[in-house]
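In what follows, a structure is listed as structure tokens, so that the remarks can point back to it.
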Amino acid sequence: MIPMLDTKSDLKLYEEEIVKEVLEVIRGGEYIFGPKSKQLEKEISEYLGVKYALGLANGTDALILALKALGIKEGDEVITTPFTFFATAESIAHVGAKPVFVDIEEETFNMDPEEISKKVTNKTKAIIVVHLFGLSAKMDEIMKIAKENDLYVIEDACQALGTVYKGKKAGSIGDIGCFSFYPTKNLGACGDAGMLTTNSEEIKDKVIQLRNHGSEERYVHSSIGVNSRLDEIQAAILLVKLKHFEDMLDKRNFIAKTYYKGLNNNFHLTEHVQSREHTYHQYSFRVEKREEFMDYLKGKGISTMIYYPIPLHLQTAFNYLNHQKGDFPIAEKISDEIISLPIYPTLPFELQQSIIQSVNGFLTK
Ligand SMILES: *Cc1c(COP(=O)(O)O)cnc(C)c1O
């Protein structure tokens with residue numbers, strides 16, 4: 001069976017280097033926020049072109065601390081997309097604010113900027129924009145609406161490290177960028193890790209305090225924070241992988257291009273993006289007879305996945321928002337038809353070809 005991803009074979013490429021670095025951490029005795037963590041913060045901030053990058057326990061914490069640092073709380077509204085991983089909207093609910101969804105674009109699967117203005121009220125404080133599957137959202141339009149309405153912009157770039165929009169890296173454009181190094185992400189650790197980025201000194205100071213139980217000075221607490229630490233062993237592993245990261249993104253782009261060129265046009269493919277505007281965390285497209293398609297490919301030994309089968313406005317957890325089917329027709333349609341193919345840097349060329357052959361075979365079977 002060809003898997004959706006193969007984190008083991010991707011890691012195997014740098015195994016020796018990683019083992020050496022991890023051993024150094026174990027022998028060094030600093031296991032939380034030690035020299036490797038600080039180095040990773042420095043290198044990620046340089047890579048993204050932002051003033052500050054702050055290590056956290058995971059990407060969900062980055063979103064929650066972003067909202068907290070901006071003072072977003074009960075009674076506030078935050079605009080976001082219903083077509084994303086649950087954590088995006090969950091973070092809004094966690095700080096007591098209300099997630100306000102807007103529909104997506106059929107071609108990009110990202111938030112439709114034209115829908116945002118219609119949802120702004122006097123309670124709206126921020127927009128959380130997601131660069132879904134690695135493709136940059138339309139940031140110029142979104143930043144313009146934010147400016148006109150005096151809203152903060154948080155970029156959920158958990159799937160988009162390395163994505164570039166008009167010369168700027170995803171996560172460096174809004175007020176705050178949120179990143180995840182969950183093992184399946186484009187830059188994945190061997191456990192959980194995350195990061196928050198900003199150019200604001202004030203936000204940086206606030207997040208440093210919040211991630212450490214609201215404390216700047218040991219055993220002195222000025223606010224209610226959380227425990228969200230970057231693990232030193234994960235930082236050491238990520239530093240090794242970061243050195244090869246651009247190569248890994250090239251490999252993803254190459255696979256995506258191979259799929260785009262090889263797959264039959266009768267599938268609803270999204271045009272291939274040659275530039276870093278897309279970093280292909282997922283290779284996704286629409287297919288109408290999805291169940292049948294998945295069964296067929298399973299029979300051919302090919303894994304597929306549905307990201308995401310239920311849009312967030314129809315999730316039980318958000319019943320209290322009183323949404324109905326039909327509220328966000330494009331997100332619903334995409335949820336019914338989307339499918340993702342295996343994509344990972346070490347996916348061999350021959351397997352890419354056999355995936356293409358099998359997928360195309362579905363149309364003539
Ligand atoms: C993975 C992901 C998150 C959460 O990151 P964790 O590190 O798993 O907490 C949030 N948003 C999106 C879009 C993600 O893909």
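Quick note on naming: the chains in the structure tokens go A, B, ... in the order shown, residues restart at 1 in each chain, and ligands are numbered from 1 in order of appearance.
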Could you pull out all residues of stretch 143-258 of chain A with a DSSP call of helix (DSSP H, G or I) and give them as number ranges by chain?
-> A: 143-149, 201-210, 232-243, 245-258
Keeping N, CA and C atoms for every residue in the selection just given, could you write it to a file as a short mmCIF file (atom, residue, chain, number, x, y, z; two decimals), in the first residue's frame?
data_model
loop_
_atom_site.label_atom_id
_atom_site.label_comp_id
_atom_site.auth_asym_id
_atom_site.auth_seq_id
_atom_site.Cartn_x
_atom_site.Cartn_y
_atom_site.Cartn_z
N MET A 143 -5.54 42.00 3.95
CA MET A 143 -4.90 43.05 4.75
C MET A 143 -5.61 44.39 4.54
N LYS A 144 -6.09 44.61 3.32
CA LYS A 144 -6.78 45.87 3.02
C LYS A 144 -8.09 45.95 3.82
N ILE A 145 -8.84 44.86 3.82
CA ILE A 145 -10.10 44.83 4.57
C ILE A 145 -9.82 45.00 6.07
N ALA A 146 -8.77 44.38 6.53
CA ALA A 146 -8.41 44.47 7.96
C ALA A 146 -8.09 45.92 8.32
N LYS A 147 -7.34 46.57 7.45
CA LYS A 147 -6.94 47.95 7.71
C LYS A 147 -8.16 48.87 7.73
N GLU A 148 -9.02 48.69 6.74
CA GLU A 148 -10.23 49.53 6.66
C GLU A 148 -11.13 49.38 7.88
N ASN A 149 -11.12 48.19 8.47
CA ASN A 149 -12.03 47.92 9.59
C ASN A 149 -11.32 47.84 10.93
N GLU A 201 7.08 44.15 19.17
CA GLU A 201 7.79 43.89 20.42
C GLU A 201 6.78 43.64 21.55
N GLU A 202 5.69 44.39 21.51
CA GLU A 202 4.67 44.27 22.54
C GLU A 202 4.05 42.87 22.54
N ILE A 203 3.71 42.39 21.34
CA ILE A 203 3.12 41.04 21.23
C ILE A 203 4.15 40.00 21.68
N LYS A 204 5.39 40.19 21.26
CA LYS A 204 6.46 39.26 21.64
C LYS A 204 6.55 39.15 23.16
N ASP A 205 6.59 40.30 23.84
CA ASP A 205 6.72 40.29 25.31
C ASP A 205 5.53 39.59 25.96
N LYS A 206 4.35 39.85 25.42
CA LYS A 206 3.12 39.27 25.98
C LYS A 206 3.14 37.73 25.83
N VAL A 207 3.56 37.26 24.65
CA VAL A 207 3.56 35.81 24.40
C VAL A 207 4.62 35.11 25.26
N ILE A 208 5.77 35.76 25.44
CA ILE A 208 6.81 35.18 26.29
C ILE A 208 6.27 34.99 27.71
N GLN A 209 5.48 35.96 28.14
CA GLN A 209 4.89 35.87 29.48
C GLN A 209 3.80 34.78 29.52
N LEU A 210 2.93 34.79 28.51
CA LEU A 210 1.80 33.85 28.50
C LEU A 210 2.25 32.38 28.42
N GLU A 232 13.47 20.73 23.79
CA GLU A 232 14.82 20.90 23.25
C GLU A 232 15.19 19.80 22.23
N ILE A 233 14.74 18.58 22.49
CA ILE A 233 15.06 17.49 21.55
C ILE A 233 14.35 17.74 20.21
N GLN A 234 13.12 18.21 20.27
CA GLN A 234 12.40 18.52 19.01
C GLN A 234 13.11 19.66 18.27
N ALA A 235 13.56 20.66 19.03
CA ALA A 235 14.27 21.78 18.40
C ALA A 235 15.53 21.29 17.69
N ALA A 236 16.24 20.36 18.32
CA ALA A 236 17.48 19.83 17.72
C ALA A 236 17.17 19.11 16.41
N ILE A 237 16.10 18.33 16.40
CA ILE A 237 15.70 17.59 15.20
C ILE A 237 15.26 18.57 14.10
N LEU A 238 14.49 19.57 14.50
CA LEU A 238 13.99 20.55 13.52
C LEU A 238 15.13 21.36 12.90
N LEU A 239 16.17 21.65 13.69
CA LEU A 239 17.31 22.40 13.15
C LEU A 239 17.99 21.62 12.04
N VAL A 240 18.12 20.31 12.22
CA VAL A 240 18.73 19.49 11.17
C VAL A 240 17.85 19.52 9.92
N LYS A 241 16.56 19.31 10.11
CA LYS A 241 15.65 19.26 8.95
C LYS A 241 15.51 20.61 8.24
N LEU A 242 15.64 21.68 9.03
CA LEU A 242 15.51 23.02 8.45
C LEU A 242 16.61 23.29 7.41
N LYS A 243 17.80 22.72 7.64
CA LYS A 243 18.90 22.91 6.69
C LYS A 243 18.54 22.39 5.30
N PHE A 245 15.35 22.05 4.21
CA PHE A 245 13.92 22.29 4.02
C PHE A 245 13.56 22.77 2.62
N GLU A 246 14.35 23.70 2.08
CA GLU A 246 14.03 24.21 0.73
C GLU A 246 14.08 23.08 -0.31
N ASP A 247 15.02 22.18 -0.14
CA ASP A 247 15.10 20.99 -1.00
C ASP A 247 13.83 20.16 -0.92
N MET A 248 13.36 20.01 0.31
CA MET A 248 12.15 19.21 0.53
C MET A 248 10.95 19.86 -0.16
N LEU A 249 10.92 21.19 -0.09
CA LEU A 249 9.81 21.91 -0.75
C LEU A 249 9.91 21.76 -2.27
N ASP A 250 11.14 21.78 -2.80
CA ASP A 250 11.33 21.56 -4.24
C ASP A 250 10.79 20.20 -4.64
N LYS A 251 11.07 19.21 -3.81
CA LYS A 251 10.61 17.85 -4.13
C LYS A 251 9.08 17.79 -4.13
N ARG A 252 8.46 18.44 -3.16
CA ARG A 252 6.99 18.47 -3.13
C ARG A 252 6.44 19.15 -4.39
N ASN A 253 7.06 20.26 -4.76
CA ASN A 253 6.59 20.98 -5.94
C ASN A 253 6.74 20.12 -7.20
N PHE A 254 7.82 19.39 -7.27
CA PHE A 254 8.06 18.53 -8.43
C PHE A 254 6.99 17.43 -8.53
N ILE A 255 6.66 16.83 -7.39
CA ILE A 255 5.64 15.78 -7.38
C ILE A 255 4.28 16.37 -7.81
N ALA A 256 3.97 17.54 -7.27
CA ALA A 256 2.70 18.19 -7.61
C ALA A 256 2.62 18.46 -9.12
N LYS A 257 3.75 18.88 -9.68
CA LYS A 257 3.79 19.18 -11.11
C LYS A 257 3.60 17.90 -11.93
N THR A 258 4.26 16.83 -11.46
CA THR A 258 4.13 15.54 -12.14
C THR A 258 2.66 15.09 -12.13
#
Which residues of chain A sit at most 9 Å from ligand 1, using only C-alpha atoms and all ligand atoms? Give each one's shortest atom pair and distance in Å (one decimal place), in chain and ascending residue order, as JSON lines.
{"residue": "A:Ala57", "atom": "CA", "partner": "ligand 1", "partner_atom_place_in_ligand_line": "7 (O)", "distance": 7.6}
{"residue": "A:Asn58", "atom": "CA", "partner": "ligand 1", "partner_atom_place_in_ligand_line": "7 (O)", "distance": 3.9}
{"residue": "A:Gly59", "atom": "CA", "partner": "ligand 1", "partner_atom_place_in_ligand_line": "7 (O)", "distance": 3.5}
{"residue": "A:Thr60", "atom": "CA", "partner": "ligand 1", "partner_atom_place_in_ligand_line": "9 (O)", "distance": 3.7}
{"residue": "A:Asp61", "atom": "CA", "partner": "ligand 1", "partner_atom_place_in_ligand_line": "9 (O)", "distance": 6.5}
{"residue": "A:Ala62", "atom": "CA", "partner": "ligand 1", "partner_atom_place_in_ligand_line": "9 (O)", "distance": 7.9}
{"residue": "A:Leu63", "atom": "CA", "partner": "ligand 1", "partner_atom_place_in_ligand_line": "10 (C)", "distance": 7.4}
{"residue": "A:Thr84", "atom": "CA", "partner": "ligand 1", "partner_atom_place_in_ligand_line": "13 (C)", "distance": 5.6}
{"residue": "A:Phe85", "atom": "CA", "partner": "ligand 1", "partner_atom_place_in_ligand_line": "13 (C)", "distance": 4.9}
{"residue": "A:Phe86", "atom": "CA", "partner": "ligand 1", "partner_atom_place_in_ligand_line": "11 (N)", "distance": 7.1}
{"residue": "A:Ala87", "atom": "CA", "partner": "ligand 1", "partner_atom_place_in_ligand_line": "10 (C)", "distance": 4.9}
{"residue": "A:Thr88", "atom": "CA", "partner": "ligand 1", "partner_atom_place_in_ligand_line": "11 (N)", "distance": 5.0}
{"residue": "A:Ala89", "atom": "CA", "partner": "ligand 1", "partner_atom_place_in_ligand_line": "11 (N)", "distance": 8.7}
{"residue": "A:Ser91", "atom": "CA", "partner": "ligand 1", "partner_atom_place_in_ligand_line": "10 (C)", "distance": 8.9}
{"residue": "A:Val130", "atom": "CA", "partner": "ligand 1", "partner_atom_place_in_ligand_line": "13 (C)", "distance": 6.1}
{"residue": "A:His131", "atom": "CA", "partner": "ligand 1", "partner_atom_place_in_ligand_line": "13 (C)", "distance": 7.4}
{"residue": "A:Leu132", "atom": "CA", "partner": "ligand 1", "partner_atom_place_in_ligand_line": "13 (C)", "distance": 6.4}
{"residue": "A:Phe133", "atom": "CA", "partner": "ligand 1", "partner_atom_place_in_ligand_line": "15 (O)", "distance": 7.8}
{"residue": "A:Asp156", "atom": "CA", "partner": "ligand 1", "partner_atom_place_in_ligand_line": "11 (N)", "distance": 5.9}
{"residue": "A:Ala157", "atom": "CA", "partner": "ligand 1", "partner_atom_place_in_ligand_line": "13 (C)", "distance": 6.7}
{"residue": "A:Cys158", "atom": "CA", "partner": "ligand 1", "partner_atom_place_in_ligand_line": "14 (C)", "distance": 4.7}
{"residue": "A:Gln159", "atom": "CA", "partner": "ligand 1", "partner_atom_place_in_ligand_line": "15 (O)", "distance": 5.0}
{"residue": "A:Ala160", "atom": "CA", "partner": "ligand 1", "partner_atom_place_in_ligand_line": "15 (O)", "distance": 8.6}
{"residue": "A:Cys178", "atom": "CA", "partner": "ligand 1", "partner_atom_place_in_ligand_line": "10 (C)", "distance": 8.0}
{"residue": "A:Phe179", "atom": "CA", "partner": "ligand 1", "partner_atom_place_in_ligand_line": "5 (O)", "distance": 7.0}
{"residue": "A:Ser180", "atom": "CA", "partner": "ligand 1", "partner_atom_place_in_ligand_line": "7 (O)", "distance": 4.1}
{"residue": "A:Phe181", "atom": "CA", "partner": "ligand 1", "partner_atom_place_in_ligand_line": "7 (O)", "distance": 5.9}
{"residue": "A:Tyr182", "atom": "CA", "partner": "ligand 1", "partner_atom_place_in_ligand_line": "7 (O)", "distance": 4.8}
{"residue": "A:Pro183", "atom": "CA", "partner": "ligand 1", "partner_atom_place_in_ligand_line": "7 (O)", "distance": 8.6}
{"residue": "A:Thr184", "atom": "CA", "partner": "ligand 1", "partner_atom_place_in_ligand_line": "1 (C)", "distance": 8.3}
{"residue": "A:Lys185", "atom": "CA", "partner": "ligand 1", "partner_atom_place_in_ligand_line": "1 (C)", "distance": 7.0}
{"residue": "A:Asp192", "atom": "CA", "partner": "ligand 1", "partner_atom_place_in_ligand_line": "7 (O)", "distance": 6.1}
{"residue": "A:Ala193", "atom": "CA", "partner": "ligand 1", "partner_atom_place_in_ligand_line": "7 (O)", "distance": 6.1}
{"residue": "A:Gly194", "atom": "CA", "partner": "ligand 1", "partner_atom_place_in_ligand_line": "7 (O)", "distance": 5.7}
{"residue": "A:Met195", "atom": "CA", "partner": "ligand 1", "partner_atom_place_in_ligand_line": "7 (O)", "distance": 8.9}
Rank A:Lys168, A:Lys138, A:Lys365, A:Lys68 by their smallest atom-to-atom distance to A:Ala126, using only C-alpha atoms, and report the top residue only.
->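 Once distances to A:Ala126 are computed over only C-alpha atoms, the minimum belongs to A:Lys68.
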Which of these, A:Asp336, A:Asn265, A:His221, A:Lys169, has the shortest distance to A:Leu48 once you count only C-alpha atoms?
->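 With only C-alpha atoms as the atom set, the closest residue is A:Lys169.
Using only C-alpha atoms, the smallest distance between any of A:Glu114, A:Gly28, A:Ile154, A:Lys20 and A:Ile72 comes from A:Ile154.
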Kindly give the distance, in Å, that separates atom CA of A:Asn186 and atom CA of A:Phe362, rounded to a single decimal.
->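 It comes out at 29.2 Å.
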Got a sec: who's within 12 Å of A:Val100, counting only C-alpha atoms, leaving out chain neighbours fewer than 5 positions off, as a VMD selection string?
-> chain A and resid 76 to 82 88 to 90 92 to 93 115 to 121 123 to 128 312 to 313 318 321 to 323 327 to 328
Option closest in space to A:Met4, from A:Tyr260, A:Tyr283, A:Phe33, A:Tyr308 [counting only C-alpha atoms] |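 Closest to A:Met4 of all the choices is A:Tyr283.
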Of the residues A:Ser45, A:Ser340, A:Asn110, A:Ser136, which is the one nearest to A:Glu277, using only C-alpha atoms?
->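 Counting only C-alpha atoms, the residue closest to A:Glu277 is A:Ser136.
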Considering only strand (DSSP E) as DSSP defines it on the backbone, what residues of stretch 116-188 of chain A qualify? List them as a PDB file with N, CA and C atoms, in the first residue's frame.
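As written to disk, part-v6.pdb reads:
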ATOM      1  N   THR A 124     -16.317  42.632  15.803  1.00  0.00           N
ATOM      2  CA  THR A 124     -15.221  41.931  15.131  1.00  0.00           C
ATOM      3  C   THR A 124     -13.869  42.515  15.533  1.00  0.00           C
ATOM      4  N   LYS A 125     -12.969  41.638  15.961  1.00  0.00           N
ATOM      5  CA  LYS A 125     -11.651  42.110  16.387  1.00  0.00           C
ATOM      6  C   LYS A 125     -10.531  41.630  15.479  1.00  0.00           C
ATOM      7  N   ALA A 126     -10.725  40.473  14.841  1.00  0.00           N
ATOM      8  CA  ALA A 126      -9.607  39.897  14.089  1.00  0.00           C
ATOM      9  C   ALA A 126     -10.100  38.963  12.995  1.00  0.00           C
ATOM     10  N   ILE A 127      -9.174  38.668  12.087  1.00  0.00           N
ATOM     11  CA  ILE A 127      -9.401  37.656  11.052  1.00  0.00           C
ATOM     12  C   ILE A 127      -8.314  36.596  11.258  1.00  0.00           C
ATOM     13  N   ILE A 128      -8.711  35.332  11.295  1.00  0.00           N
ATOM     14  CA  ILE A 128      -7.679  34.272  11.210  1.00  0.00           C
ATOM     15  C   ILE A 128      -7.744  33.716   9.802  1.00  0.00           C
ATOM     16  N   VAL A 129      -6.697  33.982   9.040  1.00  0.00           N
ATOM     17  CA  VAL A 129      -6.635  33.502   7.663  1.00  0.00           C
ATOM     18  C   VAL A 129      -5.779  32.231   7.648  1.00  0.00           C
ATOM     19  N   VAL A 130      -6.231  31.239   6.891  1.00  0.00           N
ATOM     20  CA  VAL A 130      -5.499  29.963   6.803  1.00  0.00           C
ATOM     21  C   VAL A 130      -4.930  29.825   5.395  1.00  0.00           C
ATOM     22  N   TYR A 152      -7.204  42.989  13.573  1.00  0.00           N
ATOM     23  CA  TYR A 152      -5.928  42.274  13.561  1.00  0.00           C
ATOM     24  C   TYR A 152      -6.010  41.129  12.560  1.00  0.00           C
ATOM     25  N   VAL A 153      -4.854  40.738  12.027  1.00  0.00           N
ATOM     26  CA  VAL A 153      -4.795  39.563  11.151  1.00  0.00           C
ATOM     27  C   VAL A 153      -3.834  38.542  11.750  1.00  0.00           C
ATOM     28  N   ILE A 154      -4.369  37.350  11.998  1.00  0.00           N
ATOM     29  CA  ILE A 154      -3.551  36.222  12.447  1.00  0.00           C
ATOM     30  C   ILE A 154      -3.483  35.254  11.274  1.00  0.00           C
ATOM     31  N   GLU A 155      -2.268  34.867  10.893  1.00  0.00           N
ATOM     32  CA  GLU A 155      -2.124  33.884   9.819  1.00  0.00           C
ATOM     33  C   GLU A 155      -1.932  32.499  10.420  1.00  0.00           C
ATOM     34  N   ASP A 156      -2.861  31.603  10.131  1.00  0.00           N
ATOM     35  CA  ASP A 156      -2.661  30.208  10.502  1.00  0.00           C
ATOM     36  C   ASP A 156      -1.836  29.584   9.371  1.00  0.00           C
ATOM     37  N   VAL A 164       5.408  31.554  -0.042  1.00  0.00           N
ATOM     38  CA  VAL A 164       5.760  32.951  -0.297  1.00  0.00           C
ATOM     39  C   VAL A 164       4.622  33.631  -1.047  1.00  0.00           C
ATOM     40  N   TYR A 165       4.200  34.787  -0.536  1.00  0.00           N
ATOM     41  CA  TYR A 165       3.171  35.575  -1.216  1.00  0.00           C
ATOM     42  C   TYR A 165       3.776  36.922  -1.584  1.00  0.00           C
ATOM     43  N   LYS A 168       6.889  37.883   0.186  1.00  0.00           N
ATOM     44  CA  LYS A 168       6.916  37.764   1.649  1.00  0.00           C
ATOM     45  C   LYS A 168       6.484  36.373   2.080  1.00  0.00           C
ATOM     46  N   LYS A 169       7.117  35.871   3.135  1.00  0.00           N
ATOM     47  CA  LYS A 169       6.762  34.532   3.601  1.00  0.00           C
ATOM     48  C   LYS A 169       5.422  34.529   4.343  1.00  0.00           C
ATOM     49  N   ILE A 176       0.369  38.444  13.380  1.00  0.00           N
ATOM     50  CA  ILE A 176       0.956  37.258  14.014  1.00  0.00           C
ATOM     51  C   ILE A 176       0.882  36.088  13.032  1.00  0.00           C
ATOM     52  N   GLY A 177       1.928  35.254  13.038  1.00  0.00           N
ATOM     53  CA  GLY A 177       1.912  34.008  12.268  1.00  0.00           C
ATOM     54  C   GLY A 177       1.965  32.820  13.219  1.00  0.00           C
ATOM     55  N   CYS A 178       1.224  31.762  12.894  1.00  0.00           N
ATOM     56  CA  CYS A 178       1.203  30.571  13.746  1.00  0.00           C
ATOM     57  C   CYS A 178       1.670  29.356  12.952  1.00  0.00           C
ATOM     58  N   PHE A 179       2.580  28.603  13.542  1.00  0.00           N
ATOM     59  CA  PHE A 179       3.166  27.452  12.858  1.00  0.00           C
ATOM     60  C   PHE A 179       3.103  26.198  13.718  1.00  0.00           C
ATOM     61  N   SER A 180       3.014  25.058  13.041  1.00  0.00           N
ATOM     62  CA  SER A 180       3.030  23.767  13.724  1.00  0.00           C
ATOM     63  C   SER A 180       4.155  22.916  13.146  1.00  0.00           C
TER      64      SER A 180
END
